[in-house]
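Novice: This is the structure I have questions about; it appears just below.
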Amino acid sequence: MAVYKRGTTWWVSFTTPGGQRVRRSAGTDDKRLAQEYHDRLKHEAWRIHMLGEKPRRTWQEAVVRWLADTQEKADHQKDVGKLKWLDTYLRDRYLDQIDRDLIDEIGRIKRAESSPSTANRYLALMRAILRMARNEWDWIDKVPHFRLYREPQKRVRWLRPKEADRLLKELPPHLEVMARFSLATGLRQRNVSYLRWEQVNLATGMAWIHADQSKSRKAFAVPLNQDALQVLIGQQGQHPEYCFTYHGEPVDRTTTKAWYKALKRAGISDFRWHDLRHTWASWHVQNGTSLYELMELGGWSSFEMVLRYAHMAGEHLRKAAGHVDGTVLTHPRNNKGLRLIASL
């Protein structure tokens, strides 16, 4: 039987020219629509077998394969959340039906409810899946153009030492020690939250972040300065496995009500936990650490990632600026200018 009913839903059934049996839900309680679905599938199967056309793949098929192929991504769970939202608009679409107009419409919807950068993350995920469907899976022949939104350039948010000290004094003890350690090492929140004692050697003053714990998927060493060592020494004996815990468990979430209340009491606004890492990096550059050294200390995968802190090196570069003192710009006949500079 070409179409048949299970409960209130119609199903389709047929045999392809190649002898493969197809049984699939039509997803409708309307027999006419189920018959149309059956006829379309059977026609596509004939064209695939007789004319050598590619089978039409759906967005849902692409999502399933994408999630299977990218399980090792550091932001895999974030992709899952984005794909759940996109499912509302793409669940019933074939990949070759996703065109420029549909993409622009989805972008406008997301932009209306969020920021340009957030909308761009969703568009970038769609583009990555379609490109993989074209380049690696050979499911489609072309990918439509994606127009991303212009994103405002955000300044690096960091705290001066006195501001950081005010914040630390307002935090509850379990968040205070984690924040102190973050300001001393620059580690990301999850690396601090799930740091194990087996990853730390207090005698040599070193810690290690394994590749599967790193955002760049590269292992890196963490030299522990005196501030970091002092924090870890104070944490000894509190838990046999993890360095930082609260009620016997790792602190998975740090951006809590306690965090926001502490910020308010300290008089600090527009500051996230991740900005502790920005603060650490800014302090390093301001005190003479080179950007290449900072890249290694912070476990960044490329030099471009640390260029955002380059402007912080102004004070440190004053010494370098003096390397041309005494050249043609400082001519002996310009005694008046020299006397003026000397008087400053």
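Labels used: A, B, ... for chains in the order of the structure tokens, numbers from 1 for residues in each chain, and numbers from 1 for ligands as shown.
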DSSP on the backbone, then: every residue of stretch 195-245 of chain A marked strand (DSSP E), written as a list in words.
Specialist: Val200, Asn201, Met206, Ala207, Trp208, Ile209, Phe220, Ala221, Val222, Pro223 and Thr245 of chain A
Novice: Near A:Tyr37, counting only C-alpha atoms, which residues have an atom at most 10 Å away, once you skip same-chain residues fewer than 2 positions from it, shown as a list of chain:residue names?
Specialist: A:Val3, A:Trp11, A:Val12, A:Arg24, A:Ser25, A:Ala26, A:Gly27, A:Thr28, A:Lys31, A:Arg32, A:Leu33, A:Ala34, A:Gln35, A:Asp39, A:Arg40, A:Leu41, A:Lys42, A:His43
Novice: Would you mind telling me which residue in A:Trp137, A:Tyr149, A:Tyr94, A:Trp280 lies nearest to A:Gly186 when using only C-alpha atoms?
Specialist: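 The closest residue to A:Gly186 is A:Trp280.
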Novice: Would you pick out the contacts of stretch 287-300 of chain A at 10 Å or less, using only C-alpha atoms, so that residues sharing its chain but fewer than 6 positions from it are not included, and give the list as an NGL selection string?
Specialist: :A and (185-188 or 209 or 214-223 or 277 or 280-281 or 306-310 or 312-317)
Novice: Could you tell me how far atom CA of A:Gln71 sits from atom CA of A:Val143, in Å to one decimal place?
Specialist: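 One can read the atom CA of A:Val143 to atom CA of A:Gln71 distance as 23.3 Å.
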Novice: Which residues come within 12 Å of A:Glu198, counting only C-alpha atoms, excluding same-chain residues fewer than 6 positions away, as a list in words?
Specialist: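 The residues that qualify are Met206, Ala207, Trp208, Ile209, His210, Pro240, Glu241, Tyr242 and Cys243 of chain A.
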Novice: Using only N, CA and C atoms, please write the residues we just selected to a file, as an mmCIF file, in the first residue's frame.
Specialist:
```
data_model
loop_
_atom_site.group_PDB
_atom_site.id
_atom_site.type_symbol
_atom_site.label_atom_id
_atom_site.label_comp_id
_atom_site.auth_asym_id
_atom_site.auth_seq_id
_atom_site.Cartn_x
_atom_site.Cartn_y
_atom_site.Cartn_z
ATOM 1 N N MET A 206 54.314 24.956 38.975
ATOM 2 C CA MET A 206 53.746 24.793 37.642
ATOM 3 C C MET A 206 52.391 24.090 37.721
ATOM 4 N N ALA A 207 51.532 24.417 36.761
ATOM 5 C CA ALA A 207 50.270 23.704 36.562
ATOM 6 C C ALA A 207 50.141 23.427 35.074
ATOM 7 N N TRP A 208 49.205 22.536 34.710
ATOM 8 C CA TRP A 208 49.046 22.163 33.306
ATOM 9 C C TRP A 208 47.568 22.130 32.951
ATOM 10 N N ILE A 209 47.272 22.622 31.773
ATOM 11 C CA ILE A 209 45.930 22.513 31.207
ATOM 12 C C ILE A 209 46.025 21.534 30.049
ATOM 13 N N HIS A 210 45.276 20.444 30.115
ATOM 14 C CA HIS A 210 45.327 19.409 29.083
ATOM 15 C C HIS A 210 44.609 19.880 27.817
ATOM 16 N N PRO A 240 39.918 16.406 48.060
ATOM 17 C CA PRO A 240 40.984 15.511 47.602
ATOM 18 C C PRO A 240 41.253 15.554 46.100
ATOM 19 N N GLU A 241 40.286 16.048 45.318
ATOM 20 C CA GLU A 241 40.433 15.987 43.863
ATOM 21 C C GLU A 241 40.538 17.370 43.221
ATOM 22 N N TYR A 242 39.618 18.277 43.577
ATOM 23 C CA TYR A 242 39.559 19.586 42.927
ATOM 24 C C TYR A 242 40.168 20.675 43.800
ATOM 25 N N CYS A 243 40.790 21.666 43.152
ATOM 26 C CA CYS A 243 41.422 22.760 43.882
ATOM 27 C C CYS A 243 40.402 23.751 44.431
#
```
Novice: Determine, counting only C-alpha atoms, which protein, DNA and RNA residues have an atom within 9 Å of an atom of stretch 258-275 of chain A; residues of the same chain fewer than 6 positions away are not included. Present the result as a CSV table (one decimal) with N, CA and C atoms, in the first residue's frame.
Specialist:
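Final file, result_33.csv:
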```csv
chain,number,residue,atom,x,y,z
A,156,VAL,N,38.4,46.6,25.5
A,156,VAL,CA,38.7,45.5,26.5
A,156,VAL,C,38.4,46.1,27.9
A,157,ARG,N,37.5,45.3,28.6
A,157,ARG,CA,37.1,45.7,30.0
A,157,ARG,C,38.1,45.1,31.0
A,158,TRP,N,38.7,46.0,31.8
A,158,TRP,CA,39.7,45.5,32.8
A,158,TRP,C,39.6,46.4,34.0
A,159,LEU,N,40.1,46.0,35.1
A,159,LEU,CA,40.1,46.7,36.3
A,159,LEU,C,41.5,47.2,36.7
A,163,GLU,N,40.5,48.8,42.1
A,163,GLU,CA,39.2,48.3,41.8
A,163,GLU,C,39.1,46.8,42.0
A,164,ALA,N,40.1,46.0,41.6
A,164,ALA,CA,40.1,44.6,41.8
A,164,ALA,C,40.1,44.3,43.3
A,166,ARG,N,38.9,46.0,45.7
A,166,ARG,CA,37.5,46.3,46.2
A,166,ARG,C,36.6,45.1,45.9
A,167,LEU,N,36.7,44.6,44.7
A,167,LEU,CA,35.8,43.5,44.3
A,167,LEU,C,36.1,42.3,45.1
A,168,LEU,N,37.4,41.9,45.2
A,168,LEU,CA,37.8,40.7,46.0
A,168,LEU,C,37.3,40.8,47.4
A,169,LYS,N,37.3,41.9,48.0
A,169,LYS,CA,36.8,42.1,49.4
A,169,LYS,C,35.3,41.8,49.5
A,170,GLU,N,34.6,42.1,48.4
A,170,GLU,CA,33.1,41.9,48.5
A,170,GLU,C,32.6,40.5,48.1
A,171,LEU,N,33.5,39.7,47.5
A,171,LEU,CA,33.1,38.4,47.0
A,171,LEU,C,33.0,37.4,48.2
A,172,PRO,N,32.1,36.4,48.1
A,172,PRO,CA,32.1,35.3,49.1
A,172,PRO,C,33.4,34.5,49.0
A,175,LEU,N,34.3,32.3,45.9
A,175,LEU,CA,34.5,33.1,44.6
A,175,LEU,C,35.7,33.9,44.7
A,179,ALA,N,38.7,34.1,42.0
A,179,ALA,CA,39.0,35.3,41.4
A,179,ALA,C,40.4,35.7,41.5
A,188,ARG,N,40.9,30.7,32.1
A,188,ARG,CA,39.5,30.8,31.9
A,188,ARG,C,38.7,30.1,33.0
A,189,GLN,N,37.4,30.5,33.1
A,189,GLN,CA,36.6,30.1,34.2
A,189,GLN,C,36.6,28.6,34.4
```
Novice: Would you please work out which residue, of A:Ala74, A:Met178, A:Val22, A:Leu130, is nearest to A:Gln97 when using only C-alpha atoms?
Specialist: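 The answer is A:Leu130, which sits nearest to A:Gln97.
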Novice: Which polymer residues have any atom within 12 Å of an atom of A:Pro144, counting only C-alpha atoms, with same-chain residues fewer than 6 positions away left out, as a list in words?
Specialist: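 With the cut-off at 12 Å, the set is Leu95, Asp96, Gln97, Ile98, Asp99, Arg100, Asp101, Leu102, Ile103, Asp104, Leu123, Met126, Arg127, Ala128, Ile129, Leu130, Arg131 and Arg134 of chain A.
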Novice: Would you kindly return, as a ChimeraX atom specification, each protein, DNA or RNA residue with an atom no farther than 8 Å from any atom of A:Thr16, considering only C-alpha atoms and excluding same-chain residues fewer than 3 positions away?
Specialist: /A:19-22,42,45-46
Novice: Those same residues, written as a CSV table (one decimal), in the first residue's frame with C-alpha atoms?
Specialist:
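Output saved as out-v4.csv:
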```
chain,number,residue,atom,x,y,z
A,19,GLY,CA,15.2,-2.4,-4.7
A,20,GLN,CA,15.4,-0.5,-1.4
A,21,ARG,CA,12.3,-0.4,0.7
A,22,VAL,CA,11.3,3.0,2.1
A,42,LYS,CA,9.2,8.1,-5.2
A,45,ALA,CA,14.2,8.1,-5.9
A,46,TRP,CA,13.7,7.4,-9.6
```
Novice: Once DSSP has gone over the backbone, tell me which residues of stretch 189-344 of chain A are in alpha helix (DSSP H), as a VMD selection string.
Specialist: chain A and resid 189 to 193 226 to 235 257 to 266 275 to 286 291 to 298 314 to 321 335 to 343
Novice: Only C-alpha atoms, please: the residues just picked out, written as a compact mmCIF listing (two decimals), in the first residue's frame.
Specialist:
```
# COMPACT_ATOMS: atom_id res chain seq x y z
CA GLN A 189 36.63 30.10 34.25
CA ARG A 190 36.19 26.39 33.46
CA ASN A 191 39.93 25.78 33.74
CA VAL A 192 39.84 27.24 37.24
CA SER A 193 36.55 25.59 38.24
CA GLN A 226 53.67 33.83 44.14
CA ASP A 227 50.06 35.07 44.24
CA ALA A 228 48.81 31.91 42.54
CA LEU A 229 50.89 29.65 44.80
CA GLN A 230 49.59 31.44 47.88
CA VAL A 231 45.99 30.80 46.79
CA LEU A 232 46.63 27.08 46.13
CA ILE A 233 48.48 26.58 49.39
CA GLY A 234 45.45 27.99 51.19
CA GLN A 235 43.20 25.54 49.33
CA LYS A 257 23.65 36.59 42.25
CA ALA A 258 26.56 36.70 44.68
CA TRP A 259 28.83 37.90 41.87
CA TYR A 260 26.49 40.67 40.77
CA LYS A 261 25.84 41.81 44.34
CA ALA A 262 29.59 41.99 44.97
CA LEU A 263 30.05 44.10 41.83
CA LYS A 264 27.34 46.49 42.98
CA ARG A 265 28.82 46.86 46.46
CA ALA A 266 32.27 47.45 44.94
CA ASP A 275 36.98 40.16 32.20
CA LEU A 276 39.24 38.91 34.99
CA ARG A 277 41.26 37.31 32.20
CA HIS A 278 41.29 40.61 30.31
CA THR A 279 42.44 42.33 33.51
CA TRP A 280 45.28 39.84 33.98
CA ALA A 281 46.41 40.29 30.36
CA SER A 282 46.20 44.09 30.60
CA TRP A 283 48.28 44.14 33.78
CA HIS A 284 50.91 41.94 32.11
CA VAL A 285 51.28 44.16 29.05
CA GLN A 286 51.34 47.33 31.15
CA LEU A 291 52.61 40.01 23.40
CA TYR A 292 54.38 36.80 22.37
CA GLU A 293 55.01 35.92 26.00
CA LEU A 294 51.41 36.77 26.81
CA MET A 295 50.19 34.47 24.03
CA GLU A 296 52.03 31.53 25.57
CA LEU A 297 51.04 32.37 29.13
CA GLY A 298 47.37 32.64 28.20
CA GLY A 314 51.97 52.54 25.91
CA GLU A 315 53.79 53.10 29.21
CA HIS A 316 56.16 50.22 28.58
CA LEU A 317 56.99 51.58 25.11
CA ARG A 318 58.08 54.97 26.43
CA LYS A 319 61.54 53.51 27.00
CA ALA A 320 61.65 52.23 23.43
CA ALA A 321 60.53 55.64 22.16
CA ASN A 335 68.86 74.87 22.35
CA LYS A 336 65.63 76.67 23.21
CA GLY A 337 63.62 73.47 22.65
CA LEU A 338 66.07 71.41 24.67
CA ARG A 339 65.94 73.84 27.58
CA LEU A 340 62.15 73.67 27.48
CA ILE A 341 62.15 69.88 27.58
CA ALA A 342 64.67 69.83 30.40
CA SER A 343 62.46 72.13 32.45
```
Novice: My list of candidates is A:Lys142, A:Arg147, A:Arg180, A:Lys110. Which is closest to A:Leu86 when distances are computed with only C-alpha atoms?
Specialist: A:Lys110
Novice: Just to confirm, what's the straight-line distance from atom CA of A:Trp10 to atom CA of A:Tyr89 in Å (one decimal)?
Specialist: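 According to the coordinates, atom CA of A:Trp10 and atom CA of A:Tyr89 are separated by 23.5 Å.
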